Amino acid sequence: MSLDICKPSNVTISAIPIKDLYNHLYWDQCIYDLRSKEDYIKSHICRAHNMNPSPVITVDAIADIDAQIDSEYGRAEQSSEVFIYTDAETHYENYQLQLRILNILLSYLTSARNHSNKSLKQIYTFIDGYENFHSTFPFLCSDSAYFHECSLLVWPSYVRPNLYLGSAMCRNETVIAMLNITHIMSFSEYNENEIKSTNITTLHWQLSDSRSTNLLSVFPSAIAWISKAINDENGTVLVHCDQGVSRSASVVIAYLLHSNTNLCTVEAAFNYLKLKRSVIRPNASFLQQLEEFSSTIDIKDKTIKPNKEDSTVF
């Protein structure tokens with residue numbers, strides 16, 4: 001796509017893949033669908049608004065549509081980010097029209113006509129096309145029989161293939177079924193909540209989110225369990241605590257440190273996970289424990305050095 005526009009230096013325009021767009025749908029984001037009104041009415045992504053001013057493609061026409069969206073739905077809370085998607089590049093004439101709309105929309109978003117332009121920091125364009133999102137997450141598109149129910153649910157964040165991180169609210173039968181979750185690891189001060197499905201393998205840790213909690217002793221066993229589920233059993237794992245912010249995030253960071261050769265420091269693994277789930281915030285003690293755990297990992301082959309205190313066998 002040609003994005004040759006004049007924009008403020010503090011605004012970044014970049015492309016994102018399907019899973020990253022999915023990760024932002026749970027938050028109150030501004031999402032624009034540039035396809036025709038007819039295509040939008042047939043089906044669109046959850047929380048997206050149609051932004052196709054055809055046949056009059058001007059900044060004024062875009063501004064009028066945006067004002068109408070504000071009037072009917074209110075301004076998205078996350079006004080620092082805007083998400084834009086179109087069709088895949090299959091029909092030349094249609095794509096060229098969408099490209100024209102995109103460039104005018106970008107001009108509008110970075111102009112004084114946009115009331116949120118001062119807070120705007122990031123514009124994401126979804127290059128894979130609506131069809132690809134629809135084939136991956138059909139239940140989050142408006143033509144799905146499950147759309148209304150799914151649009152009201154809380155969804156976990158995609159971390160990497162076969163691994164999701166979320167809150168206790170993601171421990172939902174519909175979420176589990178739609179994402180093909182097979183394994184669930186949970187952290188809570190209380191006993192584990194039962195799941196109706198008998199096809200789900202679970203592991204629960206009754207631990208609080210406090211500075212006195214020892215997660216360091218949990219990391220090796222938790223990593224081994226997640227690795228076995230994904231690599232040996234070809235499963236899909238959901239890791240969650242109450243909010244998906246501290247305990248479960250810390251365990252996923254430990255897993256990333258152990259399994260990803262590109263993430264060799266706690267800071268690198270933390271930053272990677274924060275891109276996937278912006279609300280993560282491990283407590284200070286957990287971060288210290290992660291640093292200690294990181295020092296036990298053999299960076300060369302990404303294996304955990306033997307720990308005499310850990311005798312758990314999987």
# chains A, B, ... in the order shown; residues from 1 in each chain; ligands from 1

call {"tool": "residues_around", "arguments": {"residues": "region 203-215 of chain A", "least_positions_apart": "3", "cutoff": "6 Å", "atoms": "only C-alpha atoms", "output": "PyMOL selection string"}}
result
chain A and resi 185-190+218+285

call {"tool": "write_last_selection", "arguments": {"atoms": "N, CA, C and O atoms", "output": "compact mmCIF listing (two decimals), in the first residue's frame"}}
result
# COMPACT_ATOMS: atom_id res chain seq x y z
N MET A 185 -4.18 -23.87 32.28
CA MET A 185 -3.40 -23.70 33.50
C MET A 185 -3.90 -22.45 34.20
O MET A 185 -3.96 -21.38 33.59
N SER A 186 -4.26 -22.56 35.46
CA SER A 186 -4.87 -21.44 36.16
C SER A 186 -4.16 -21.15 37.48
O SER A 186 -3.54 -22.03 38.08
N PHE A 187 -4.27 -19.89 37.92
CA PHE A 187 -3.68 -19.42 39.18
C PHE A 187 -4.73 -18.60 39.92
O PHE A 187 -5.33 -17.69 39.36
N SER A 188 -4.94 -18.95 41.18
CA SER A 188 -5.93 -18.24 41.98
C SER A 188 -5.66 -18.52 43.46
O SER A 188 -5.02 -19.51 43.82
N GLU A 189 -6.17 -17.63 44.31
CA GLU A 189 -6.09 -17.87 45.75
C GLU A 189 -7.07 -18.95 46.19
O GLU A 189 -6.96 -19.50 47.29
N TYR A 190 -8.02 -19.27 45.31
CA TYR A 190 -9.11 -20.17 45.67
C TYR A 190 -9.00 -21.49 44.91
O TYR A 190 -8.14 -21.68 44.05
N VAL A 218 7.70 -22.70 40.84
CA VAL A 218 6.64 -23.17 39.95
C VAL A 218 7.09 -23.17 38.49
O VAL A 218 6.65 -24.01 37.69
N SER A 285 8.14 -8.54 42.91
CA SER A 285 8.75 -9.78 43.37
C SER A 285 8.82 -10.81 42.25
O SER A 285 9.82 -11.51 42.09

call {"tool": "select_by_dssp", "arguments": {"residues": "region 72-310 of chain A", "states": "strand (DSSP E or B)", "output": "PyMOL selection string"}}
result
chain A and resi 81-85+122-126+141+157-160+163-166+183-188+201-206+237-240+297-298+303-304

call {"tool": "write_last_selection", "arguments": {"atoms": "N, CA, C and O atoms", "output": "short mmCIF file (atom, residue, chain, number, x, y, z; two decimals), in the first residue's frame"}}
result
data_model
loop_
_atom_site.label_atom_id
_atom_site.label_comp_id
_atom_site.auth_asym_id
_atom_site.auth_seq_id
_atom_site.Cartn_x
_atom_site.Cartn_y
_atom_site.Cartn_z
N GLU A 81 -4.83 4.83 19.31
CA GLU A 81 -4.61 3.82 18.28
C GLU A 81 -5.83 3.70 17.38
O GLU A 81 -6.97 3.76 17.84
N VAL A 82 -5.57 3.52 16.08
CA VAL A 82 -6.63 3.31 15.10
C VAL A 82 -6.27 2.08 14.26
O VAL A 82 -5.11 1.90 13.88
N PHE A 83 -7.28 1.25 13.98
CA PHE A 83 -7.07 0.03 13.19
C PHE A 83 -7.92 0.11 11.92
O PHE A 83 -9.09 0.47 11.97
N ILE A 84 -7.30 -0.25 10.80
CA ILE A 84 -7.95 -0.13 9.50
C ILE A 84 -7.79 -1.43 8.72
O ILE A 84 -6.69 -1.99 8.69
N TYR A 85 -8.89 -1.91 8.12
CA TYR A 85 -8.76 -3.10 7.28
C TYR A 85 -9.57 -2.96 6.00
O TYR A 85 -10.52 -2.17 5.92
N GLN A 122 -0.63 5.86 16.96
CA GLN A 122 -0.36 4.68 16.14
C GLN A 122 -1.55 4.37 15.23
O GLN A 122 -2.69 4.36 15.68
N ILE A 123 -1.25 4.16 13.95
CA ILE A 123 -2.26 3.72 12.99
C ILE A 123 -1.81 2.36 12.46
O ILE A 123 -0.71 2.22 11.94
N TYR A 124 -2.69 1.36 12.62
CA TYR A 124 -2.38 0.01 12.16
C TYR A 124 -3.23 -0.31 10.92
O TYR A 124 -4.44 -0.09 10.93
N THR A 125 -2.59 -0.81 9.89
CA THR A 125 -3.33 -1.29 8.72
C THR A 125 -3.22 -2.81 8.68
O THR A 125 -2.13 -3.37 8.85
N PHE A 126 -4.36 -3.45 8.48
CA PHE A 126 -4.42 -4.91 8.47
C PHE A 126 -4.26 -5.40 7.04
O PHE A 126 -5.19 -5.33 6.24
N CYS A 141 -17.01 -12.38 13.56
CA CYS A 141 -17.52 -11.65 12.39
C CYS A 141 -19.04 -11.70 12.39
O CYS A 141 -19.64 -12.69 12.82
N SER A 157 -5.60 -13.27 25.16
CA SER A 157 -4.66 -12.73 24.17
C SER A 157 -3.85 -13.86 23.53
O SER A 157 -3.38 -14.77 24.22
N TYR A 158 -3.69 -13.77 22.22
CA TYR A 158 -2.85 -14.72 21.50
C TYR A 158 -1.39 -14.36 21.76
O TYR A 158 -0.98 -13.22 21.56
N VAL A 159 -0.60 -15.34 22.21
CA VAL A 159 0.81 -15.11 22.50
C VAL A 159 1.70 -15.65 21.39
O VAL A 159 2.56 -14.95 20.85
N ARG A 160 1.48 -16.89 21.03
CA ARG A 160 2.21 -17.56 19.95
C ARG A 160 1.39 -18.78 19.58
O ARG A 160 0.40 -19.09 20.25
N LEU A 163 -0.87 -20.97 22.14
CA LEU A 163 -0.73 -20.44 23.50
C LEU A 163 -1.48 -19.12 23.64
O LEU A 163 -1.24 -18.18 22.89
N TYR A 164 -2.38 -19.06 24.63
CA TYR A 164 -3.15 -17.86 24.93
C TYR A 164 -2.98 -17.49 26.41
O TYR A 164 -2.78 -18.35 27.26
N LEU A 165 -3.07 -16.20 26.69
CA LEU A 165 -2.98 -15.67 28.06
C LEU A 165 -4.22 -14.83 28.33
O LEU A 165 -4.56 -13.95 27.53
N GLY A 166 -4.87 -15.08 29.47
CA GLY A 166 -6.08 -14.30 29.74
C GLY A 166 -6.43 -14.23 31.20
O GLY A 166 -5.64 -14.57 32.08
N HIS A 183 -6.01 -27.40 26.85
CA HIS A 183 -5.35 -27.42 28.15
C HIS A 183 -5.50 -26.05 28.82
O HIS A 183 -5.36 -25.01 28.16
N ILE A 184 -5.78 -26.05 30.12
CA ILE A 184 -5.92 -24.79 30.85
C ILE A 184 -5.06 -24.85 32.12
O ILE A 184 -5.19 -25.77 32.94
N MET A 185 -4.18 -23.87 32.28
CA MET A 185 -3.40 -23.70 33.50
C MET A 185 -3.90 -22.45 34.20
O MET A 185 -3.96 -21.38 33.59
N SER A 186 -4.26 -22.56 35.46
CA SER A 186 -4.87 -21.44 36.16
C SER A 186 -4.16 -21.15 37.48
O SER A 186 -3.54 -22.03 38.08
N PHE A 187 -4.27 -19.89 37.92
CA PHE A 187 -3.68 -19.42 39.18
C PHE A 187 -4.73 -18.60 39.92
O PHE A 187 -5.33 -17.69 39.36
N SER A 188 -4.94 -18.95 41.18
CA SER A 188 -5.93 -18.24 41.98
C SER A 188 -5.66 -18.52 43.46
O SER A 188 -5.02 -19.51 43.82
N THR A 201 -7.80 -30.73 29.66
CA THR A 201 -6.82 -31.06 30.70
C THR A 201 -6.48 -29.80 31.47
O THR A 201 -6.17 -28.77 30.86
N THR A 202 -6.56 -29.85 32.79
CA THR A 202 -6.34 -28.65 33.60
C THR A 202 -5.22 -28.86 34.63
O THR A 202 -4.96 -29.98 35.06
N LEU A 203 -4.60 -27.77 35.00
CA LEU A 203 -3.63 -27.74 36.10
C LEU A 203 -3.83 -26.43 36.85
O LEU A 203 -3.79 -25.36 36.25
N HIS A 204 -4.09 -26.53 38.13
CA HIS A 204 -4.41 -25.33 38.93
C HIS A 204 -3.36 -25.13 40.02
O HIS A 204 -2.95 -26.07 40.70
N TRP A 205 -2.93 -23.87 40.19
CA TRP A 205 -2.01 -23.50 41.25
C TRP A 205 -2.74 -22.54 42.18
O TRP A 205 -3.17 -21.47 41.76
N GLN A 206 -2.90 -22.92 43.44
CA GLN A 206 -3.59 -22.07 44.41
C GLN A 206 -2.56 -21.14 45.04
O GLN A 206 -1.99 -21.42 46.10
N VAL A 237 -3.09 -24.19 24.59
CA VAL A 237 -3.07 -23.92 26.03
C VAL A 237 -3.58 -22.51 26.33
O VAL A 237 -3.19 -21.55 25.69
N LEU A 238 -4.44 -22.42 27.35
CA LEU A 238 -4.84 -21.15 27.93
C LEU A 238 -4.23 -21.05 29.31
O LEU A 238 -4.47 -21.93 30.16
N VAL A 239 -3.45 -20.01 29.57
CA VAL A 239 -2.90 -19.75 30.89
C VAL A 239 -3.64 -18.52 31.44
O VAL A 239 -3.70 -17.49 30.77
N HIS A 240 -4.20 -18.65 32.63
CA HIS A 240 -4.93 -17.50 33.18
C HIS A 240 -4.81 -17.43 34.70
O HIS A 240 -4.54 -18.43 35.38
N ILE A 297 18.87 -20.53 32.92
CA ILE A 297 18.61 -21.07 31.59
C ILE A 297 19.88 -21.08 30.77
O ILE A 297 20.60 -20.08 30.71
N ASP A 298 20.14 -22.20 30.14
CA ASP A 298 21.28 -22.31 29.24
C ASP A 298 20.87 -21.66 27.92
O ASP A 298 20.07 -22.21 27.17
N THR A 303 17.58 -24.73 27.51
CA THR A 303 17.10 -25.76 28.42
C THR A 303 17.32 -25.30 29.85
O THR A 303 18.24 -24.53 30.13
N ILE A 304 16.48 -25.77 30.77
CA ILE A 304 16.61 -25.39 32.17
C ILE A 304 17.69 -26.24 32.81
O ILE A 304 17.69 -27.45 32.69
#

call {"tool": "closest_residue", "arguments": {"among": "A:Leu21, A:Ala177, A:Leu257, A:Cys170", "to": "Ser294 (chain A)", "atoms": "only C-alpha atoms"}}
result
A:Leu257

call {"tool": "atom_distance", "arguments": {"atom1": "CA of Ala224 (chain A)", "atom2": "CA of Thr136 (chain A)"}}
result
28.3 Å

call {"tool": "select_by_dssp", "arguments": {"residues": "region 54-290 of chain A", "states": "helix (DSSP H, G or I)", "output": "number ranges by chain"}}
result
A: 59-73, 92-109, 130-136, 138-140, 147-151, 168-170, 173-178, 219-232, 247-259, 266-276, 284-290

call {"tool": "residues_around", "arguments": {"residues": "region 62-79 of chain A", "least_positions_apart": "2", "cutoff": "12 Å", "atoms": "only C-alpha atoms", "output": "MDAnalysis selection string"}}
result
chainID A and resid 24:34 47:60 81:83 100:123 278

call {"tool": "decode", "arguments": {"residues": "region 183-273 of chain A", "atoms": "C-alpha atoms", "output": "PDB file, in the first residue's frame"}}
result
ATOM      1  CA  HIS A 183      -5.347 -27.415  28.147  1.00  0.00           C
ATOM      2  CA  ILE A 184      -5.916 -24.792  30.853  1.00  0.00           C
ATOM      3  CA  MET A 185      -3.399 -23.697  33.501  1.00  0.00           C
ATOM      4  CA  SER A 186      -4.866 -21.437  36.163  1.00  0.00           C
ATOM      5  CA  PHE A 187      -3.680 -19.416  39.176  1.00  0.00           C
ATOM      6  CA  SER A 188      -5.929 -18.242  41.984  1.00  0.00           C
ATOM      7  CA  GLU A 189      -6.094 -17.866  45.748  1.00  0.00           C
ATOM      8  CA  TYR A 190      -9.109 -20.174  45.670  1.00  0.00           C
ATOM      9  CA  ASN A 191      -9.952 -23.677  44.522  1.00  0.00           C
ATOM     10  CA  GLU A 192     -10.197 -24.352  40.815  1.00  0.00           C
ATOM     11  CA  ASN A 193     -13.515 -23.627  39.094  1.00  0.00           C
ATOM     12  CA  GLU A 194     -14.782 -26.726  37.351  1.00  0.00           C
ATOM     13  CA  ILE A 195     -15.205 -26.918  33.576  1.00  0.00           C
ATOM     14  CA  LYS A 196     -18.169 -28.819  32.148  1.00  0.00           C
ATOM     15  CA  SER A 197     -16.207 -30.219  29.217  1.00  0.00           C
ATOM     16  CA  THR A 198     -14.476 -33.513  29.982  1.00  0.00           C
ATOM     17  CA  ASN A 199     -12.032 -33.069  27.098  1.00  0.00           C
ATOM     18  CA  ILE A 200     -10.005 -30.311  28.771  1.00  0.00           C
ATOM     19  CA  THR A 201      -6.821 -31.062  30.697  1.00  0.00           C
ATOM     20  CA  THR A 202      -6.335 -28.651  33.596  1.00  0.00           C
ATOM     21  CA  LEU A 203      -3.629 -27.742  36.097  1.00  0.00           C
ATOM     22  CA  HIS A 204      -4.407 -25.333  38.927  1.00  0.00           C
ATOM     23  CA  TRP A 205      -2.008 -23.503  41.247  1.00  0.00           C
ATOM     24  CA  GLN A 206      -3.586 -22.070  44.409  1.00  0.00           C
ATOM     25  CA  LEU A 207      -1.305 -19.051  44.757  1.00  0.00           C
ATOM     26  CA  SER A 208      -1.948 -15.403  45.548  1.00  0.00           C
ATOM     27  CA  ASP A 209      -0.671 -12.368  43.674  1.00  0.00           C
ATOM     28  CA  SER A 210       1.589 -11.153  46.464  1.00  0.00           C
ATOM     29  CA  ARG A 211       5.243 -10.356  46.965  1.00  0.00           C
ATOM     30  CA  SER A 212       5.568 -13.370  49.274  1.00  0.00           C
ATOM     31  CA  THR A 213       4.386 -15.898  46.670  1.00  0.00           C
ATOM     32  CA  ASN A 214       7.138 -18.164  45.385  1.00  0.00           C
ATOM     33  CA  LEU A 215       6.629 -18.493  41.628  1.00  0.00           C
ATOM     34  CA  LEU A 216      10.266 -19.375  41.070  1.00  0.00           C
ATOM     35  CA  SER A 217       9.667 -22.937  42.243  1.00  0.00           C
ATOM     36  CA  VAL A 218       6.643 -23.168  39.946  1.00  0.00           C
ATOM     37  CA  PHE A 219       8.338 -22.052  36.718  1.00  0.00           C
ATOM     38  CA  PRO A 220      10.072 -25.357  35.758  1.00  0.00           C
ATOM     39  CA  SER A 221       6.959 -27.486  36.342  1.00  0.00           C
ATOM     40  CA  ALA A 222       4.672 -25.004  34.608  1.00  0.00           C
ATOM     41  CA  ILE A 223       6.986 -24.747  31.598  1.00  0.00           C
ATOM     42  CA  ALA A 224       7.261 -28.526  31.326  1.00  0.00           C
ATOM     43  CA  TRP A 225       3.458 -28.835  31.432  1.00  0.00           C
ATOM     44  CA  ILE A 226       2.903 -26.191  28.758  1.00  0.00           C
ATOM     45  CA  SER A 227       5.657 -27.637  26.543  1.00  0.00           C
ATOM     46  CA  LYS A 228       4.231 -31.153  26.830  1.00  0.00           C
ATOM     47  CA  ALA A 229       0.743 -29.927  25.991  1.00  0.00           C
ATOM     48  CA  ILE A 230       1.878 -28.011  22.902  1.00  0.00           C
ATOM     49  CA  ASN A 231       4.745 -30.107  21.564  1.00  0.00           C
ATOM     50  CA  ASP A 232       3.814 -33.661  22.553  1.00  0.00           C
ATOM     51  CA  GLU A 233       0.030 -33.527  22.632  1.00  0.00           C
ATOM     52  CA  ASN A 234      -0.491 -30.962  19.833  1.00  0.00           C
ATOM     53  CA  GLY A 235      -2.773 -29.019  22.152  1.00  0.00           C
ATOM     54  CA  THR A 236      -3.739 -25.384  22.593  1.00  0.00           C
ATOM     55  CA  VAL A 237      -3.074 -23.919  26.028  1.00  0.00           C
ATOM     56  CA  LEU A 238      -4.838 -21.146  27.926  1.00  0.00           C
ATOM     57  CA  VAL A 239      -2.902 -19.746  30.891  1.00  0.00           C
ATOM     58  CA  HIS A 240      -4.926 -17.501  33.178  1.00  0.00           C
ATOM     59  CA  CYS A 241      -5.163 -15.999  36.659  1.00  0.00           C
ATOM     60  CA  ASP A 242      -7.810 -13.615  37.960  1.00  0.00           C
ATOM     61  CA  GLN A 243      -6.954 -10.697  35.656  1.00  0.00           C
ATOM     62  CA  GLY A 244      -4.286 -12.121  33.326  1.00  0.00           C
ATOM     63  CA  VAL A 245      -1.917  -9.424  34.518  1.00  0.00           C
ATOM     64  CA  SER A 246       0.600 -10.703  37.069  1.00  0.00           C
ATOM     65  CA  ARG A 247       0.758 -14.409  38.004  1.00  0.00           C
ATOM     66  CA  SER A 248      -0.166 -15.959  34.669  1.00  0.00           C
ATOM     67  CA  ALA A 249       1.797 -13.285  32.769  1.00  0.00           C
ATOM     68  CA  SER A 250       4.907 -14.104  34.814  1.00  0.00           C
ATOM     69  CA  VAL A 251       4.597 -17.814  34.025  1.00  0.00           C
ATOM     70  CA  VAL A 252       4.173 -17.096  30.307  1.00  0.00           C
ATOM     71  CA  ILE A 253       7.238 -14.833  30.391  1.00  0.00           C
ATOM     72  CA  ALA A 254       9.185 -17.700  31.980  1.00  0.00           C
ATOM     73  CA  TYR A 255       7.934 -20.021  29.242  1.00  0.00           C
ATOM     74  CA  LEU A 256       8.995 -17.564  26.534  1.00  0.00           C
ATOM     75  CA  LEU A 257      12.441 -17.209  28.106  1.00  0.00           C
ATOM     76  CA  HIS A 258      12.829 -20.975  28.070  1.00  0.00           C
ATOM     77  CA  SER A 259      11.409 -21.721  24.630  1.00  0.00           C
ATOM     78  CA  ASN A 260      12.174 -18.740  22.383  1.00  0.00           C
ATOM     79  CA  THR A 261      15.780 -18.309  21.241  1.00  0.00           C
ATOM     80  CA  ASN A 262      15.100 -14.680  20.306  1.00  0.00           C
ATOM     81  CA  LEU A 263      14.034 -13.758  23.834  1.00  0.00           C
ATOM     82  CA  CYS A 264      17.092 -14.083  26.021  1.00  0.00           C
ATOM     83  CA  THR A 265      16.336 -11.526  28.732  1.00  0.00           C
ATOM     84  CA  VAL A 266      13.396 -10.861  31.015  1.00  0.00           C
ATOM     85  CA  GLU A 267      13.064  -7.420  29.476  1.00  0.00           C
ATOM     86  CA  ALA A 268      12.856  -8.852  25.943  1.00  0.00           C
ATOM     87  CA  ALA A 269      10.285 -11.469  26.920  1.00  0.00           C
ATOM     88  CA  PHE A 270       8.271  -8.904  28.898  1.00  0.00           C
ATOM     89  CA  ASN A 271       8.225  -6.452  25.980  1.00  0.00           C
ATOM     90  CA  TYR A 272       7.197  -9.191  23.551  1.00  0.00           C
ATOM     91  CA  LEU A 273       4.304 -10.262  25.786  1.00  0.00           C
TER      92      LEU A 273
END
